[in-house]
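The file protein_36.txt comes next; it holds compact mmCIF, C-alpha atoms and all ligand atoms.
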# COMPACT_ATOMS: atom_id res chain seq x y z
CA MET C 1 166.07 338.48 214.00
CA LEU C 2 165.27 341.38 216.33
CA ARG C 3 161.65 342.31 216.95
CA LYS C 4 160.15 344.98 219.15
CA GLY C 5 157.20 344.76 221.52
CA PRO C 6 155.50 341.76 223.11
CA ALA C 7 155.52 338.61 220.94
CA GLU C 8 151.88 338.01 221.85
CA GLN C 9 150.68 340.93 219.71
CA ASP C 10 151.71 339.00 216.55
CA ILE C 11 149.32 336.14 217.35
CA LYS C 12 145.92 336.09 215.67
CA GLU C 13 144.39 333.29 217.71
CA VAL C 14 145.46 330.81 220.37
CA LEU C 15 144.67 327.30 219.14
CA TYR C 16 145.88 325.34 222.17
CA SER C 17 146.55 326.83 225.58
CA ALA C 18 149.37 325.71 227.85
CA GLU C 19 146.82 323.66 229.82
CA ASP C 20 145.38 322.01 226.66
CA ILE C 21 148.93 321.03 225.72
CA ARG C 22 149.75 319.73 229.20
CA LEU C 23 146.71 317.46 229.25
CA ARG C 24 147.37 316.10 225.76
CA VAL C 25 151.07 315.48 226.41
CA THR C 26 150.19 313.61 229.63
CA SER C 27 147.83 311.37 227.71
CA LEU C 28 150.44 310.68 225.00
CA ALA C 29 152.95 309.77 227.71
CA ASP C 30 150.40 307.36 229.26
CA THR C 31 150.01 305.59 225.91
CA ILE C 32 153.76 305.38 225.33
CA VAL C 33 154.28 303.92 228.82
CA MET C 34 151.59 301.30 228.15
CA ASP C 35 153.24 300.36 224.84
CA TYR C 36 156.88 300.21 226.01
CA GLN C 37 156.97 299.47 229.75
CA ASP C 38 157.31 295.71 229.30
CA LYS C 39 160.15 295.88 226.77
CA GLU C 40 163.56 294.60 227.85
CA GLN C 41 165.45 297.72 226.76
CA ALA C 42 164.50 301.35 227.20
CA PRO C 43 163.45 303.02 223.95
CA ILE C 44 165.63 305.79 222.52
CA LEU C 45 163.51 308.94 222.43
CA ILE C 46 164.85 311.18 219.66
CA ALA C 47 164.09 314.90 219.81
CA VAL C 48 164.08 316.49 216.40
CA LEU C 49 165.24 319.98 217.28
CA MET C 50 164.61 322.81 217.47
CA GLY C 51 160.83 322.56 217.11
CA SER C 52 160.25 319.71 219.55
CA VAL C 53 162.23 321.30 222.41
CA HIS C 54 159.32 321.85 224.82
CA PHE C 55 157.26 318.89 223.63
CA PHE C 56 160.18 316.49 224.13
CA SER C 57 161.03 317.75 227.55
CA ASP C 58 157.40 317.75 228.75
CA LEU C 59 156.83 314.29 227.28
CA MET C 60 159.91 312.92 229.09
CA ARG C 61 158.77 314.40 232.39
CA ALA C 62 155.23 313.08 231.87
CA ILE C 63 156.69 309.57 231.36
CA GLY C 64 158.53 310.27 234.60
CA THR C 65 159.23 307.42 237.00
CA ARG C 66 157.12 304.86 235.18
CA MET C 67 159.78 303.51 232.82
CA HIS C 68 163.28 304.16 231.47
CA VAL C 69 163.91 306.13 228.27
CA GLU C 70 167.17 307.15 226.64
CA PRO C 71 167.03 310.67 225.20
CA ASP C 72 169.01 311.69 222.14
CA PHE C 73 168.91 314.70 219.81
CA MET C 74 169.05 315.51 216.14
CA VAL C 75 169.08 319.04 214.74
CA VAL C 76 167.60 319.30 211.28
CA LYS C 77 166.66 322.24 209.09
CA SER C 78 163.84 321.97 206.59
CA TYR C 79 161.94 325.25 206.53
CA ASP C 80 162.72 328.59 205.01
CA GLY C 81 160.27 331.19 206.39
CA THR C 82 156.77 329.69 206.02
CA HIS C 83 157.63 327.30 203.16
CA SER C 84 158.99 323.78 203.37
CA SER C 85 162.23 323.70 201.42
CA GLY C 86 161.75 320.02 200.58
CA THR C 87 165.34 319.25 201.50
CA VAL C 88 166.41 318.26 204.97
CA LYS C 89 169.84 319.02 206.32
CA ILE C 90 171.16 317.24 209.42
CA LEU C 91 173.00 319.95 211.33
CA ILE C 92 173.71 317.80 214.41
CA ASP C 93 173.41 314.01 214.45
CA LEU C 94 172.60 311.54 217.23
CA ARG C 95 175.26 310.62 219.75
CA ALA C 96 174.24 306.99 220.11
CA SER C 97 173.77 304.06 217.75
CA VAL C 98 170.14 303.07 217.19
CA ALA C 99 171.05 299.58 215.90
CA ASP C 100 168.85 296.91 217.51
CA ARG C 101 167.03 299.50 219.62
CA ASP C 102 163.42 300.66 219.78
CA VAL C 103 163.29 304.23 218.58
CA ILE C 104 160.61 306.90 219.00
CA VAL C 105 161.09 310.00 216.83
CA VAL C 106 159.59 313.08 218.52
CA GLU C 107 158.71 315.88 216.07
CA ASP C 108 156.85 319.16 216.44
CA ILE C 109 154.73 319.03 213.28
CA VAL C 110 154.25 316.99 210.13
CA ASP C 111 153.24 319.20 207.21
CA THR C 112 154.22 317.94 203.71
CA GLY C 113 155.80 314.87 205.35
CA SER C 114 159.19 315.33 203.66
CA THR C 115 161.15 316.00 206.87
CA MET C 116 159.75 312.97 208.65
CA LYS C 117 160.25 310.80 205.55
CA SER C 118 163.93 311.83 205.37
CA ILE C 119 164.47 311.21 209.08
CA LEU C 120 162.80 307.80 208.90
CA ASP C 121 164.92 306.86 205.86
CA ILE C 122 168.14 307.92 207.60
CA LEU C 123 167.29 306.11 210.84
CA GLY C 124 165.92 303.06 209.02
CA ASN C 125 169.31 302.59 207.35
CA ARG C 126 170.88 302.30 210.81
CA HIS C 127 168.88 299.12 211.56
CA PRO C 128 166.85 299.86 214.71
CA SER C 129 164.55 297.05 216.01
CA SER C 130 161.57 299.35 215.59
CA ILE C 131 160.78 302.98 214.78
CA ARG C 132 157.66 304.85 215.83
CA THR C 133 156.81 308.51 215.44
CA CYS C 134 155.33 310.87 218.02
CA VAL C 135 154.16 314.17 216.62
CA LEU C 136 152.68 317.10 218.49
CA LEU C 137 150.82 318.54 215.49
CA ASP C 138 149.60 316.87 212.32
CA LYS C 139 148.58 319.01 209.29
CA PRO C 140 147.01 316.27 207.13
CA SER C 141 145.60 318.63 204.49
CA THR C 142 149.07 319.60 203.22
CA ARG C 143 150.59 316.11 203.13
CA GLN C 144 152.53 315.26 199.97
CA ILE C 145 154.40 312.20 201.24
CA GLU C 146 152.63 309.59 203.37
CA VAL C 147 154.48 308.91 206.61
CA PRO C 148 153.41 306.77 209.58
CA ILE C 149 152.35 308.79 212.63
CA ASP C 150 151.97 306.54 215.64
CA TYR C 151 151.26 309.10 218.38
CA VAL C 152 149.70 312.46 217.59
CA GLY C 153 148.89 315.42 219.84
CA PHE C 154 146.50 317.52 217.74
CA GLU C 155 145.35 317.71 214.14
CA VAL C 156 145.61 321.28 212.85
CA PRO C 157 144.15 322.94 209.74
CA ASN C 158 146.38 324.46 207.05
CA LEU C 159 147.47 327.53 209.03
CA PHE C 160 150.95 328.69 209.97
CA VAL C 161 151.25 328.08 213.69
CA VAL C 162 153.92 329.15 216.16
CA GLY C 163 154.72 328.75 219.84
CA TYR C 164 155.58 325.85 222.17
CA GLY C 165 158.78 325.31 220.15
CA LEU C 166 157.44 326.15 216.68
CA ASP C 167 158.97 329.19 215.03
CA TYR C 168 158.75 331.68 212.23
CA ASN C 169 162.35 332.52 211.28
CA GLU C 170 163.51 331.49 214.78
CA ALA C 171 160.98 333.72 216.63
CA TYR C 172 158.03 332.70 218.89
CA ARG C 173 159.49 329.39 220.09
CA GLN C 174 159.22 330.57 223.71
CA LEU C 175 155.44 331.06 223.70
CA PRO C 176 153.76 328.66 226.15
CA PHE C 177 150.77 328.13 223.82
CA ILE C 178 150.27 327.22 220.15
CA GLY C 179 148.82 330.08 218.12
CA VAL C 180 148.17 331.21 214.56
CA LEU C 181 150.59 333.88 213.37
CA LYS C 182 149.01 337.06 211.98
CA GLU C 183 149.39 337.04 208.21
CA GLU C 184 150.85 340.55 208.06
CA ILE C 185 153.91 339.22 209.89
CA TYR C 186 154.93 337.00 206.99
CA LEU C 187 153.11 338.35 203.91
P1 LIG M 201 157.42 319.07 206.38
O1 LIG M 201 158.73 318.54 205.94
O2 LIG M 201 156.75 319.86 205.30
O3 LIG M 201 156.49 318.00 206.93
O4 LIG M 201 157.69 320.12 207.51
C1 LIG M 201 158.07 319.79 208.74
C2 LIG M 201 158.81 320.92 209.43
O5 LIG M 201 158.39 322.20 208.94
C3 LIG M 201 158.50 320.91 210.89
O6 LIG M 201 159.44 320.16 211.60
C4 LIG M 201 158.51 322.38 211.25
O7 LIG M 201 159.81 322.76 211.62
C5 LIG M 201 158.15 323.10 209.98
N1 LIG M 201 156.72 323.52 209.94
C6 LIG M 201 155.71 322.99 209.22
N2 LIG M 201 154.56 323.65 209.42
C7 LIG M 201 154.83 324.62 210.32
C8 LIG M 201 154.04 325.63 210.96
O8 LIG M 201 152.80 325.79 210.77
N3 LIG M 201 154.71 326.45 211.82
C9 LIG M 201 156.04 326.33 212.08
N4 LIG M 201 156.80 325.39 211.52
C10 LIG M 201 156.22 324.54 210.64

Just give me the structure as structure tokens.
Ligand code: IMP
Amino acid sequence: MLRKGPAEQDIKEVLYSAEDIRLRVTSLADTIVMDYQDKEQAPILIAVLMGSVHFFSDLMRAIGTRMHVEPDFMVVKSYDGTHSSGTVKILIDLRASVADRDVIVVEDIVDTGSTMKSILDILGNRHPSSIRTCVLLDKPSTRQIEVPIDYVGFEVPNLFVVGYGLDYNEAYRQLPFIGVLKEEIYL
């Protein structure tokens, strides 16, 4: 979708600045390193794209030299505009087998929980040794399906947020911060 003018003018409020995000991602990486550094095999870190694109890459770099991780990618589609469609489509699947491996699913946001539930069901059927979830944003007030969240960046209220990978109809993913989209953009 083509839009004119700076993307920033569509943002009502910045919730988390680039620096807030950097500090939080570093702390999540520290916790993951503590939890996995003594394991025999490197965990498979699964980016659920597109939304986790920046989060995943920053998390990997924050883990850095401290331990090994094996990155893999899944592209799923679950949202139509600002509403969860309730159905998840896998557009691109993982390259590697997760059987007998420790897996960490890295997602941008858990809203109703249906996307994460579907992903966990799909991966669970492939018999990994363990699955944990690492989520940048948690919107607990809109949850319809309970899903385990093992590592969480920030809890957000029931607002439509964009930036740092999160989109509205494929726009705003490039913003370095997480902000609330002005309502007139989508109403
Ligand atoms: P759920 O299935 O309802 O939990 O929705 C999860 C997916 O919806 C996420 O992976 C996002 O792609 C998208 N999503 C949920 N809330 C927002 C939001 O506030 N902004 C942008 N995308 C969102």

Query raised in the report: Expressed in Å to a single decimal, how great is the separation between atom C6 of ligand LIG 201 (chain M) and CA of Arg95 (chain C)?
Result: 25.4 Å

With 7 Å as the cut-off and all atoms listed in the file counted, what is the closest atom pair between each nearby residue of chain C and ligand LIG 201 (chain M)? Distances in Å to one decimal, ordered by chain and number, as JSON lines.
{"residue": "C:Gly51", "atom": "CA", "partner": "M:LIG201", "partner_atom": "O7", "distance": 5.6}
{"residue": "C:Ser78", "atom": "CA", "partner": "M:LIG201", "partner_atom": "C2", "distance": 5.9}
{"residue": "C:Tyr79", "atom": "CA", "partner": "M:LIG201", "partner_atom": "O5", "distance": 5.3}
{"residue": "C:Thr82", "atom": "CA", "partner": "M:LIG201", "partner_atom": "C7", "distance": 6.9}
{"residue": "C:Ser84", "atom": "CA", "partner": "M:LIG201", "partner_atom": "O2", "distance": 4.9}
{"residue": "C:Gly86", "atom": "CA", "partner": "M:LIG201", "partner_atom": "O1", "distance": 6.3}
{"residue": "C:Glu107", "atom": "CA", "partner": "M:LIG201", "partner_atom": "O6", "distance": 6.2}
{"residue": "C:Asp108", "atom": "CA", "partner": "M:LIG201", "partner_atom": "O6", "distance": 5.6}
{"residue": "C:Ile109", "atom": "CA", "partner": "M:LIG201", "partner_atom": "C3", "distance": 4.8}
{"residue": "C:Val110", "atom": "CA", "partner": "M:LIG201", "partner_atom": "O3", "distance": 4.0}
{"residue": "C:Asp111", "atom": "CA", "partner": "M:LIG201", "partner_atom": "O3", "distance": 3.5}
{"residue": "C:Thr112", "atom": "CA", "partner": "M:LIG201", "partner_atom": "O2", "distance": 3.6}
{"residue": "C:Gly113", "atom": "CA", "partner": "M:LIG201", "partner_atom": "O3", "distance": 3.6}
{"residue": "C:Ser114", "atom": "CA", "partner": "M:LIG201", "partner_atom": "O1", "distance": 4.0}
{"residue": "C:Thr115", "atom": "CA", "partner": "M:LIG201", "partner_atom": "O1", "distance": 3.6}
{"residue": "C:Met116", "atom": "CA", "partner": "M:LIG201", "partner_atom": "O3", "distance": 6.2}
{"residue": "C:Leu159", "atom": "CA", "partner": "M:LIG201", "partner_atom": "O8", "distance": 5.9}
{"residue": "C:Phe160", "atom": "CA", "partner": "M:LIG201", "partner_atom": "O8", "distance": 3.5}
{"residue": "C:Val161", "atom": "CA", "partner": "M:LIG201", "partner_atom": "O8", "distance": 4.0}
{"residue": "C:Val162", "atom": "CA", "partner": "M:LIG201", "partner_atom": "N3", "distance": 5.2}
{"residue": "C:Leu166", "atom": "CA", "partner": "M:LIG201", "partner_atom": "C9", "distance": 4.8}
{"residue": "C:Asp167", "atom": "CA", "partner": "M:LIG201", "partner_atom": "C9", "distance": 5.0}
{"residue": "C:Tyr168", "atom": "CA", "partner": "M:LIG201", "partner_atom": "C9", "distance": 6.0}

Query - Option closest in space to Val147 (chain C), from C:Ser118, C:Gln174, C:Gln37, C:Ser27 [counting all atoms listed in the file] - result: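 Selected residue with least distance to Val147 (chain C): C:Ser118.
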
Report task. For Val152 (chain C), please output as a VMD selection string all residues within 12 Å (counting only C-alpha atoms; exclusion window: fewer than 2 positions along the same chain). Result -> chain C and resid 21 24 to 25 27 to 29 31 to 32 55 105 to 110 132 to 140 148 to 150 154 to 156

Report summary line: One decimal place gives the CA of Ser129 (chain C)-CA of Asp100 (chain C) separation as 4.6 Å

Query raised in the report: So which one's closest to Ile44 (chain C), C:Pro176, C:Gly64, C:Pro128, C:Gly5? Using only C-alpha atoms, please.
Result: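 Ranked by minimum distance to Ile44 (chain C), first place goes to C:Pro128.
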
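Here CA of Leu15 (chain C) is placed at a distance of 10.6 Å from CA of Leu181 (chain C).
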
Query raised in the report: Hey, what's within 12 Å of Val75 (chain C) if we count all atoms listed in the file and toss same-chain stuff fewer than 4 positions away? As JSON, numbers by chain, please?
Result: {"C": [46, 47, 48, 49, 50, 51, 52, 53, 88, 89, 90, 91, 92, 93, 94, 95, 106, 107, 115, 119]}

Report task. Name the residues within 10 Å of (160.9, 301.9, 224.0), counting only C-alpha atoms in the file's coordinates, and put them as a list of chain:residue names. Result ->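 Those within range, by chain then number, are C:Ile32, C:Val33, C:Asp35, C:Tyr36, C:Gln37, C:Asp38, C:Lys39, C:Glu40, C:Gln41, C:Ala42, C:Pro43, C:Ile44, C:Leu45, C:Met67, C:His68, C:Val69, C:Glu70, C:Arg101, C:Asp102, C:Val103, C:Ile104, C:Ser130, C:Ile131, C:Arg132.
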
Enclose all atoms of region 91-96 of chain C listed in the file in an axis-aligned box, grow every side by 3 Å, and hand back centre and edge lengths in Å to one decimal, as JSON.
{"center_x": 173.9, "center_y": 313.5, "center_z": 215.7, "size_x": 8.7, "size_y": 19.0, "size_z": 14.8}
